[in-house]
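Source file my_file14.txt; content: compact mmCIF, C-alpha atoms.
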# COMPACT_ATOMS: atom_id res chain seq x y z
CA MET A 1 -190.88 112.48 -18.32
CA LEU A 2 -192.14 109.37 -16.57
CA SER A 3 -191.69 107.25 -19.69
CA THR A 4 -188.16 108.59 -20.12
CA GLN A 5 -187.31 107.72 -16.52
CA THR A 6 -188.85 104.29 -16.96
CA SER A 7 -186.82 103.63 -20.09
CA LEU A 8 -183.66 104.74 -18.27
CA ASP A 9 -184.41 102.37 -15.40
CA VAL A 10 -185.02 99.53 -17.84
CA SER A 11 -181.79 100.36 -19.63
CA LYS A 12 -179.86 100.33 -16.33
CA GLU A 13 -181.42 97.02 -15.34
CA SER A 14 -180.57 95.52 -18.73
CA HIS A 15 -177.02 96.82 -18.47
CA GLN A 16 -176.66 95.45 -14.94
CA ALA A 17 -178.10 92.08 -16.01
CA SER A 18 -175.66 91.98 -18.92
CA MET A 19 -172.74 92.72 -16.57
CA ASP A 20 -173.90 90.03 -14.15
CA ARG A 21 -174.11 87.49 -16.97
CA GLY A 22 -170.64 88.52 -18.14
CA ASN A 23 -169.23 88.10 -14.63
CA GLU A 24 -170.84 84.69 -14.31
CA GLU A 25 -169.41 83.60 -17.68
CA TRP A 26 -165.96 84.95 -16.71
CA THR A 27 -166.13 83.09 -13.41
CA ARG A 28 -167.12 79.87 -15.15
CA GLU A 29 -164.37 80.26 -17.76
CA ARG A 30 -161.75 81.04 -15.10
CA PRO A 31 -161.65 78.09 -12.71
CA SER A 32 -160.56 78.52 -9.12
CA LEU A 33 -157.06 77.64 -7.93
CA TRP A 34 -158.26 74.37 -6.43
CA LYS A 35 -160.01 73.39 -9.67
CA ARG A 36 -156.89 74.14 -11.66
CA LEU A 37 -154.81 72.08 -9.26
CA ALA A 38 -157.30 69.22 -9.56
CA GLN A 39 -157.04 69.37 -13.37
CA MET A 40 -153.22 69.10 -13.36
CA ASN A 41 -151.83 65.80 -14.58
CA ALA A 42 -149.23 63.75 -12.72
CA ALA A 43 -146.26 65.19 -14.62
CA GLU A 44 -147.33 68.78 -13.89
CA LEU A 45 -147.84 67.97 -10.21
CA VAL A 46 -144.38 66.39 -9.99
CA THR A 47 -142.84 69.45 -11.67
CA ALA A 48 -144.66 71.85 -9.34
CA GLY A 49 -143.71 69.78 -6.30
CA THR A 50 -140.07 69.59 -7.37
CA MET A 51 -139.88 73.36 -7.89
CA THR A 52 -141.44 73.96 -4.48
CA LEU A 53 -139.03 71.58 -2.75
CA ASN A 54 -136.09 73.16 -4.57
CA PHE A 55 -137.15 76.62 -3.40
CA LEU A 56 -137.62 75.45 0.19
CA SER A 57 -134.33 73.54 0.30
CA SER A 58 -132.39 76.46 -1.20
CA THR A 59 -133.86 78.84 1.36
CA CYS A 60 -133.35 76.49 4.30
CA ILE A 61 -129.72 75.68 3.45
CA VAL A 62 -128.84 79.38 3.25
CA VAL A 63 -130.48 80.15 6.59
CA ALA A 64 -128.95 77.09 8.27
CA ASN A 65 -125.44 77.80 6.95
CA LYS A 66 -125.62 81.45 8.01
CA TYR A 67 -126.87 80.42 11.45
CA ALA A 68 -124.00 77.94 11.84
CA MET A 69 -121.42 80.53 10.78
CA ASP A 70 -122.72 83.55 12.69
CA SER A 71 -124.76 82.34 15.66
CA MET A 72 -122.75 79.17 16.29
CA GLY A 73 -119.40 80.75 15.42
CA PHE A 74 -118.42 78.02 12.95
CA HIS A 75 -116.26 80.22 10.71
CA PHE A 76 -114.90 77.37 8.62
CA GLY A 77 -116.73 77.63 5.31
CA SER A 78 -114.50 75.23 3.37
CA THR A 79 -114.72 72.59 6.09
CA LEU A 80 -118.49 72.95 6.07
CA THR A 81 -118.47 72.47 2.29
CA LEU A 82 -116.36 69.32 2.62
CA PHE A 83 -118.80 68.00 5.21
CA HIS A 84 -121.70 68.70 2.84
CA PHE A 85 -120.05 66.75 0.01
CA ILE A 86 -119.39 63.81 2.33
CA CYS A 87 -123.01 63.83 3.56
CA THR A 88 -124.35 64.05 0.02
CA SER A 89 -122.11 61.20 -1.16
CA ALA A 90 -123.14 58.96 1.73
CA LEU A 91 -126.87 59.67 1.39
CA LEU A 92 -126.78 59.18 -2.39
CA TYR A 93 -125.10 55.82 -1.82
CA VAL A 94 -127.85 54.83 0.61
CA THR A 95 -130.65 55.97 -1.71
CA THR A 96 -129.36 53.99 -4.68
CA ARG A 97 -127.87 50.90 -3.01
CA CYS A 98 -130.33 50.36 -0.18
CA LEU A 99 -133.52 52.15 -1.27
CA GLY A 100 -133.16 51.87 -5.04
CA LEU A 101 -134.54 55.37 -5.68
CA PHE A 102 -132.41 55.77 -8.81
CA GLU A 103 -130.28 53.53 -11.00
CA ARG A 104 -126.50 53.86 -10.88
CA LYS A 105 -125.06 54.07 -14.39
CA PRO A 106 -121.38 53.39 -15.11
CA CYS A 107 -119.57 56.26 -16.83
CA ASP A 108 -116.11 57.65 -17.56
CA LEU A 109 -114.88 59.43 -14.43
CA ARG A 110 -112.41 61.46 -16.48
CA LYS A 111 -115.31 63.27 -18.11
CA ILE A 112 -116.85 64.03 -14.72
CA ALA A 113 -113.60 65.21 -13.09
CA LYS A 114 -113.84 68.75 -14.54
CA LEU A 115 -117.42 69.07 -13.38
CA ALA A 116 -116.53 67.77 -9.91
CA ALA A 117 -113.75 70.36 -9.62
CA GLY A 118 -116.19 73.06 -10.68
CA ALA A 119 -118.71 71.86 -8.11
CA ALA A 120 -116.10 72.01 -5.35
CA GLY A 121 -115.11 75.52 -6.42
CA PHE A 122 -118.60 76.95 -6.67
CA VAL A 123 -119.82 75.49 -3.36
CA VAL A 124 -116.72 76.71 -1.51
CA LEU A 125 -117.09 80.20 -2.97
CA THR A 126 -120.82 80.18 -2.22
CA ASN A 127 -120.25 79.37 1.44
CA LEU A 128 -117.41 81.88 1.72
CA SER A 129 -119.65 84.51 0.13
CA LEU A 130 -122.33 83.75 2.70
CA GLN A 131 -119.72 83.99 5.44
CA HIS A 132 -118.40 87.39 4.36
CA ASN A 133 -121.61 89.05 3.11
CA SER A 134 -125.12 89.77 4.30
CA ILE A 135 -127.84 87.31 3.28
CA GLY A 136 -129.46 90.00 1.11
CA PHE A 137 -126.33 90.68 -0.95
CA TYR A 138 -125.54 86.96 -1.10
CA GLN A 139 -128.97 86.16 -2.54
CA VAL A 140 -128.85 89.03 -5.01
CA MET A 141 -125.47 87.88 -6.34
CA LYS A 142 -126.84 84.35 -6.74
CA VAL A 143 -129.55 85.79 -8.99
CA MET A 144 -126.79 87.17 -11.23
CA THR A 145 -125.89 83.60 -12.21
CA THR A 146 -128.57 83.52 -14.92
CA PRO A 147 -127.45 86.71 -16.74
CA THR A 148 -123.84 85.53 -16.47
CA ILE A 149 -124.73 82.19 -18.09
CA VAL A 150 -126.44 84.08 -20.91
CA VAL A 151 -123.31 86.18 -21.54
CA ILE A 152 -120.92 83.20 -21.40
CA GLU A 153 -123.06 81.12 -23.76
CA ALA A 154 -123.36 84.04 -26.19
CA ILE A 155 -119.59 84.68 -26.28
CA PHE A 156 -118.15 81.17 -26.16
CA TYR A 157 -120.98 78.90 -27.34
CA GLN A 158 -122.79 81.17 -29.84
CA LYS A 159 -126.10 80.57 -28.07
CA HIS A 160 -128.28 83.67 -28.06
CA LEU A 161 -131.50 84.42 -26.20
CA GLU A 162 -134.50 86.11 -27.72
CA ASN A 163 -134.68 89.86 -27.17
CA ARG A 164 -137.78 89.58 -24.98
CA LEU A 165 -135.90 87.22 -22.64
CA LYS A 166 -132.94 89.58 -22.53
CA LEU A 167 -135.30 92.40 -21.55
CA ALA A 168 -136.68 90.22 -18.76
CA LEU A 169 -133.17 89.96 -17.28
CA THR A 170 -132.66 93.74 -17.28
CA PRO A 171 -134.52 94.34 -13.96
CA VAL A 172 -132.36 91.64 -12.36
CA CYS A 173 -129.17 93.46 -13.32
CA LEU A 174 -130.60 96.80 -12.20
CA GLY A 175 -131.55 95.25 -8.86
CA VAL A 176 -127.98 94.08 -8.33
CA VAL A 177 -126.64 97.56 -9.11
CA LEU A 178 -129.13 99.10 -6.69
CA THR A 179 -128.20 96.64 -3.95
CA THR A 180 -124.46 97.16 -4.33
CA THR A 181 -124.89 100.93 -4.04
CA THR A 182 -127.19 100.85 -0.99
CA ASP A 183 -125.86 97.92 1.10
CA PHE A 184 -123.58 99.58 3.66
CA ARG A 185 -122.28 96.20 4.88
CA LEU A 186 -120.43 95.55 1.63
CA ASN A 187 -116.72 94.81 1.84
CA LEU A 188 -114.08 94.23 -0.82
CA THR A 189 -113.29 90.65 0.21
CA GLY A 190 -116.93 89.59 0.26
CA THR A 191 -117.65 91.29 -3.08
CA LEU A 192 -114.68 89.63 -4.81
CA ILE A 193 -115.63 86.21 -3.43
CA ALA A 194 -119.26 86.68 -4.49
CA THR A 195 -118.21 87.73 -8.01
CA ALA A 196 -115.88 84.74 -8.36
CA GLY A 197 -118.67 82.52 -7.06
CA VAL A 198 -121.06 83.77 -9.75
CA LEU A 199 -118.51 83.06 -12.52
CA VAL A 200 -117.65 79.56 -11.28
CA THR A 201 -121.30 78.70 -10.62
CA SER A 202 -122.24 79.81 -14.13
CA LEU A 203 -119.53 77.64 -15.68
CA TYR A 204 -120.61 74.72 -13.53
CA GLN A 205 -124.22 75.07 -14.63
CA ILE A 206 -123.21 75.12 -18.31
CA TRP A 207 -120.88 72.12 -17.95
CA SER A 208 -123.47 70.22 -15.93
CA GLY A 209 -126.18 70.65 -18.55
CA THR A 210 -123.85 69.66 -21.38
CA LEU A 211 -122.44 66.62 -19.56
CA GLN A 212 -125.86 65.45 -18.43
CA LYS A 213 -127.06 65.33 -22.02
CA SER A 214 -123.93 63.67 -23.41
CA LEU A 215 -123.83 60.96 -20.73
CA GLN A 216 -127.63 60.62 -20.55
CA LEU A 217 -127.68 60.91 -16.76
CA ASN A 218 -130.26 62.54 -14.54
CA ALA A 219 -129.29 64.98 -11.78
CA LEU A 220 -129.00 62.34 -9.03
CA GLN A 221 -126.98 59.96 -11.20
CA LEU A 222 -124.56 62.75 -12.07
CA GLN A 223 -124.26 63.94 -8.49
CA TYR A 224 -123.59 60.37 -7.37
CA TYR A 225 -120.20 60.67 -9.09
CA THR A 226 -119.44 64.38 -8.67
CA SER A 227 -119.99 64.61 -4.89
CA PRO A 228 -117.27 62.15 -3.77
CA LEU A 229 -114.87 63.47 -6.41
CA SER A 230 -115.52 67.04 -5.26
CA ALA A 231 -114.74 66.00 -1.67
CA VAL A 232 -111.45 64.44 -2.81
CA PHE A 233 -110.49 67.54 -4.82
CA LEU A 234 -111.38 69.86 -1.95
CA LEU A 235 -109.68 67.94 0.88
CA PRO A 236 -106.07 69.14 0.25
CA PHE A 237 -107.16 72.80 0.18
CA VAL A 238 -109.37 72.86 3.27
CA PRO A 239 -106.49 73.14 5.79
CA LEU A 240 -105.15 76.08 3.77
CA LEU A 241 -108.50 77.86 3.37
CA ASP A 242 -109.59 77.29 6.97
CA ASN A 243 -107.58 77.47 10.17
CA TRP A 244 -106.44 73.90 10.85
CA ARG A 245 -103.36 74.85 12.90
CA PRO A 246 -103.73 72.87 16.13
CA ARG A 247 -101.95 75.38 18.39
CA HIS A 248 -103.74 78.45 17.06
CA VAL A 249 -106.46 79.91 19.27
CA ASP A 250 -108.94 80.21 16.39
CA SER A 251 -108.20 76.76 15.00
CA ILE A 252 -111.02 74.34 14.23
CA PHE A 253 -109.38 71.98 16.72
CA ASN A 254 -110.14 74.50 19.47
CA TYR A 255 -113.76 74.96 18.40
CA ASP A 256 -116.25 73.97 21.09
CA PHE A 257 -118.32 71.25 19.43
CA THR A 258 -121.32 71.24 21.78
CA ILE A 259 -124.37 69.08 21.14
CA ASP A 260 -126.47 71.96 19.83
CA ARG A 261 -123.68 73.11 17.51
CA LEU A 262 -123.17 69.59 16.19
CA ALA A 263 -126.93 69.35 15.64
CA VAL A 264 -126.99 72.56 13.57
CA ILE A 265 -123.98 71.48 11.50
CA SER A 266 -125.59 68.07 10.93
CA VAL A 267 -128.80 69.73 9.76
CA THR A 268 -126.84 71.72 7.18
CA GLY A 269 -125.45 68.43 5.86
CA LEU A 270 -128.94 66.97 5.48
CA LEU A 271 -130.19 70.13 3.77
CA ALA A 272 -127.23 70.06 1.37
CA PHE A 273 -128.39 66.63 0.21
CA TRP A 274 -132.05 67.69 0.07

Let me see the structure of the file written as structure tokens.
Amino acid sequence: MLSTQTSLDVSKESHQASMDRGNEEWTRERPSLWKRLAQMNAAELVTAGTMTLNFLSSTCIVVANKYAMDSMGFHFGSTLTLFHFICTSALLYVTTRCLGLFERKPCDLRKIAKLAAGAAGFVVLTNLSLQHNSIGFYQVMKVMTTPTIVVIEAIFYQKHLENRLKLALTPVCLGVVLTTTTDFRLNLTGTLIATAGVLVTSLYQIWSGTLQKSLQLNALQLQYYTSPLSAVFLLPFVPLLDNWRPRHVDSIFNYDFTIDRLAVISVTGLLAFW
């Protein structure tokens, strides 16, 4: 009996020692987060940093725009979009002419005109969607851009995703359906604007990728041309989309541009460039 108990104890100790060795080997094979970050090369760090900045800027611009529209009462989404294009154009000019952060490449403006019109349309619809919908529904509809691009490319460009990638998009679509059936703040105007925004944004993304490759331009070089053109295309429609009637009580000319309101609107312009 004693020998049996002793052998059991030895067996347990051996098993425990084996588990400890396995855990140590697993720990050594799986480096910590800091070690993995230290092992990343420059290109990977730049990619990770760019993705992080893109996430932060996208979040900040949505919050800032919604704050300007709701808390500051600036219910002029198209005017805000025009201001964003002007800010982006000016800051891109400064970064290339004065700071030399990217090289300006000459290109045919006729090829960029369609993309600039698409950019004006999708940004206007995006801001109007934010103005007429809750932030939750607005963000969910933005997520629908990716599935919409997949459908458009499959129908019109004969580009098809792998089945496993299609399955990955299924929860996204289900999430949108769930949101639309449970968000009690939904309204017909906001839903139609959001849907139109998804379609125009999807087309813009497809055109942008195609044009970027054909002209061999990076994102900043392409935006250097599209931003001022988008502002020009948008300018004639802003007085029609927003209330620019001087004698009307809700006109933009009767809006109280206080220092704090101007500061918030200016911040949205900086975030639009960022």

ask   = Pick from A:Ser71, A:Arg104, A:Phe76, A:Ala120: nearest to Val232 (chain A), with all atoms listed in the file counted?
value = A:Ala120

ask   = Quick one: distance from CA of Ser89 (chain A) to CA of Tyr224 (chain A) in Å, one decimal?
value =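 CA of Ser89 (chain A) sits 6.4 Å away from CA of Tyr224 (chain A).
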
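Of the residues listed (A:Ile193, A:Val176, A:Leu99, A:Leu203), A:Leu203 shows the shortest atom-to-atom separation from Tyr157 (chain A); distances use only C-alpha atoms.
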
ask   = CA of Ser202 (chain A) to CA of Asn218 (chain A): how many Å, to one decimal?
value =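 Between CA of Ser202 (chain A) and CA of Asn218 (chain A) the gap is 19.0 Å.
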
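Residues in contact with region 158-168 of chain A at 12 Å, where only C-alpha atoms are counted and same-chain residues fewer than 3 positions away are skipped, are listed as Thr146, Pro147, Thr148, Ile149, Val150, Val151, Ile152, Glu153, Ala154, Ile155, Pro171, Val172, Cys173, Leu174 and Ile206 of chain A.
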
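For the pair CA of Gly175 (chain A) and CA of Gly136 (chain A), the separation is 11.5 Å.
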
4 Å per side around region 101-106 of chain A: axis-aligned box centre and edge lengths, as JSON:
{"center_x": -128.0, "center_y": 54.6, "center_z": -10.4, "size_x": 21.2, "size_y": 10.4, "size_z": 17.4}

query = Can you tell me, as a PyMOL selection string, which residues sit within 10 Å of (-129.4, 67.5, 2.3) in the file's frame, using all atoms listed in the file?
reply = chain A and resi 57+61+84-85+87-88+91-92+266-274

inquiry  = If we count all atoms listed in the file and set the cut-off at 7 Å, which residues sit around region 123-135 of chain A, ignoring sequence neighbours fewer than 4 positions away in its own chain? Please answer as a list in words.
reply    = Lys66, Met69, Gly77, Ser78, Thr81, Ala119, Gln139, Leu186, Gly190, Ile193, Ala194 and Gly197 of chain A

query = Looking at A:Phe237, A:Phe55, A:Trp244, A:Phe102, which one is nearest to Leu222 (chain A), with distances taken over all atoms listed in the file?
reply =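 For Leu222 (chain A), the nearest of the candidates is A:Phe102.
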
request  = Rank nothing, just name the residue among A:Leu211, A:Val140, A:Val62, A:Leu199 nearest to Leu178 (chain A), using only C-alpha atoms.
outcome  =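 Checking each candidate against Leu178 (chain A), we get A:Val140 as the closest.
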
Could region 83-114 of chain A be completed with N, CA and C atoms and written as an mmCIF file, in the coordinates of the input, please?
data_model
loop_
_atom_site.group_PDB
_atom_site.id
_atom_site.type_symbol
_atom_site.label_atom_id
_atom_site.label_comp_id
_atom_site.auth_asym_id
_atom_site.auth_seq_id
_atom_site.Cartn_x
_atom_site.Cartn_y
_atom_site.Cartn_z
ATOM 1 N N PHE A 83 -117.820 68.801 4.470
ATOM 2 C CA PHE A 83 -118.800 68.000 5.210
ATOM 3 C C PHE A 83 -120.067 67.787 4.391
ATOM 4 N N HIS A 84 -120.500 68.811 3.675
ATOM 5 C CA HIS A 84 -121.700 68.700 2.840
ATOM 6 C C HIS A 84 -121.498 67.689 1.706
ATOM 7 N N PHE A 85 -120.325 67.714 1.085
ATOM 8 C CA PHE A 85 -120.050 66.750 0.010
ATOM 9 C C PHE A 85 -120.020 65.322 0.545
ATOM 10 N N ILE A 86 -119.447 65.152 1.729
ATOM 11 C CA ILE A 86 -119.390 63.810 2.330
ATOM 12 C C ILE A 86 -120.797 63.324 2.664
ATOM 13 N N CYS A 87 -121.619 64.202 3.242
ATOM 14 C CA CYS A 87 -123.010 63.830 3.560
ATOM 15 C C CYS A 87 -123.788 63.479 2.303
ATOM 16 N N THR A 88 -123.641 64.304 1.274
ATOM 17 C CA THR A 88 -124.350 64.050 0.020
ATOM 18 C C THR A 88 -123.925 62.732 -0.604
ATOM 19 N N SER A 89 -122.618 62.459 -0.588
ATOM 20 C CA SER A 89 -122.110 61.200 -1.160
ATOM 21 C C SER A 89 -122.670 60.004 -0.408
ATOM 22 N N ALA A 90 -122.653 60.078 0.923
ATOM 23 C CA ALA A 90 -123.140 58.960 1.730
ATOM 24 C C ALA A 90 -124.635 58.734 1.541
ATOM 25 N N LEU A 91 -125.413 59.808 1.522
ATOM 26 C CA LEU A 91 -126.870 59.670 1.390
ATOM 27 C C LEU A 91 -127.260 59.228 -0.021
ATOM 28 N N LEU A 92 -126.518 59.659 -1.033
ATOM 29 C CA LEU A 92 -126.780 59.180 -2.390
ATOM 30 C C LEU A 92 -126.474 57.690 -2.508
ATOM 31 N N TYR A 93 -125.433 57.249 -1.821
ATOM 32 C CA TYR A 93 -125.100 55.820 -1.820
ATOM 33 C C TYR A 93 -126.226 55.015 -1.186
ATOM 34 N N VAL A 94 -126.759 55.533 -0.078
ATOM 35 C CA VAL A 94 -127.850 54.830 0.610
ATOM 36 C C VAL A 94 -129.102 54.790 -0.268
ATOM 37 N N THR A 95 -129.417 55.911 -0.913
ATOM 38 C CA THR A 95 -130.650 55.970 -1.710
ATOM 39 C C THR A 95 -130.606 55.061 -2.928
ATOM 40 N N THR A 96 -129.422 54.852 -3.496
ATOM 41 C CA THR A 96 -129.360 53.990 -4.680
ATOM 42 C C THR A 96 -129.096 52.528 -4.334
ATOM 43 N N ARG A 97 -128.232 52.275 -3.342
ATOM 44 C CA ARG A 97 -127.870 50.900 -3.010
ATOM 45 C C ARG A 97 -128.909 50.219 -2.124
ATOM 46 N N CYS A 98 -129.412 50.964 -1.157
ATOM 47 C CA CYS A 98 -130.330 50.360 -0.180
ATOM 48 C C CYS A 98 -131.801 50.610 -0.528
ATOM 49 N N LEU A 99 -132.120 51.808 -0.998
ATOM 50 C CA LEU A 99 -133.520 52.150 -1.270
ATOM 51 C C LEU A 99 -133.883 52.016 -2.743
ATOM 52 N N GLY A 100 -132.895 52.022 -3.617
ATOM 53 C CA GLY A 100 -133.160 51.870 -5.040
ATOM 54 C C GLY A 100 -133.969 53.000 -5.655
ATOM 55 N N LEU A 101 -133.766 54.238 -5.177
ATOM 56 C CA LEU A 101 -134.540 55.370 -5.680
ATOM 57 C C LEU A 101 -134.084 55.815 -7.078
ATOM 58 N N PHE A 102 -132.856 55.499 -7.446
ATOM 59 C CA PHE A 102 -132.410 55.770 -8.810
ATOM 60 C C PHE A 102 -131.365 54.727 -9.192
ATOM 61 N N GLU A 103 -131.181 54.557 -10.484
ATOM 62 C CA GLU A 103 -130.280 53.530 -11.000
ATOM 63 C C GLU A 103 -128.883 54.112 -11.199
ATOM 64 N N ARG A 104 -127.889 53.414 -10.709
ATOM 65 C CA ARG A 104 -126.500 53.860 -10.880
ATOM 66 C C ARG A 104 -126.002 53.412 -12.248
ATOM 67 N N LYS A 105 -125.547 54.382 -13.051
ATOM 68 C CA LYS A 105 -125.060 54.070 -14.390
ATOM 69 C C LYS A 105 -123.544 54.230 -14.437
ATOM 70 N N PRO A 106 -122.834 53.251 -14.977
ATOM 71 C CA PRO A 106 -121.380 53.390 -15.110
ATOM 72 C C PRO A 106 -121.033 54.459 -16.150
ATOM 73 N N CYS A 107 -119.989 55.226 -15.883
ATOM 74 C CA CYS A 107 -119.570 56.260 -16.830
ATOM 75 C C CYS A 107 -118.087 56.561 -16.644
ATOM 76 N N ASP A 108 -117.534 57.300 -17.577
ATOM 77 C CA ASP A 108 -116.110 57.650 -17.560
ATOM 78 C C ASP A 108 -115.871 58.765 -16.547
ATOM 79 N N LEU A 109 -115.122 58.441 -15.485
ATOM 80 C CA LEU A 109 -114.880 59.430 -14.430
ATOM 81 C C LEU A 109 -114.024 60.591 -14.922
ATOM 82 N N ARG A 110 -113.245 60.366 -15.965
ATOM 83 C CA ARG A 110 -112.410 61.460 -16.480
ATOM 84 C C ARG A 110 -113.257 62.597 -17.035
ATOM 85 N N LYS A 111 -114.414 62.244 -17.582
ATOM 86 C CA LYS A 111 -115.310 63.270 -18.110
ATOM 87 C C LYS A 111 -115.999 64.046 -16.983
ATOM 88 N N ILE A 112 -116.144 63.397 -15.841
ATOM 89 C CA ILE A 112 -116.850 64.030 -14.720
ATOM 90 C C ILE A 112 -115.889 64.816 -13.833
ATOM 91 N N ALA A 113 -114.580 64.577 -13.974
ATOM 92 C CA ALA A 113 -113.600 65.210 -13.090
ATOM 93 C C ALA A 113 -113.669 66.735 -13.164
ATOM 94 N N LYS A 114 -113.769 67.283 -14.388
ATOM 95 C CA LYS A 114 -113.840 68.750 -14.540
ATOM 96 C C LYS A 114 -115.072 69.308 -13.851
#
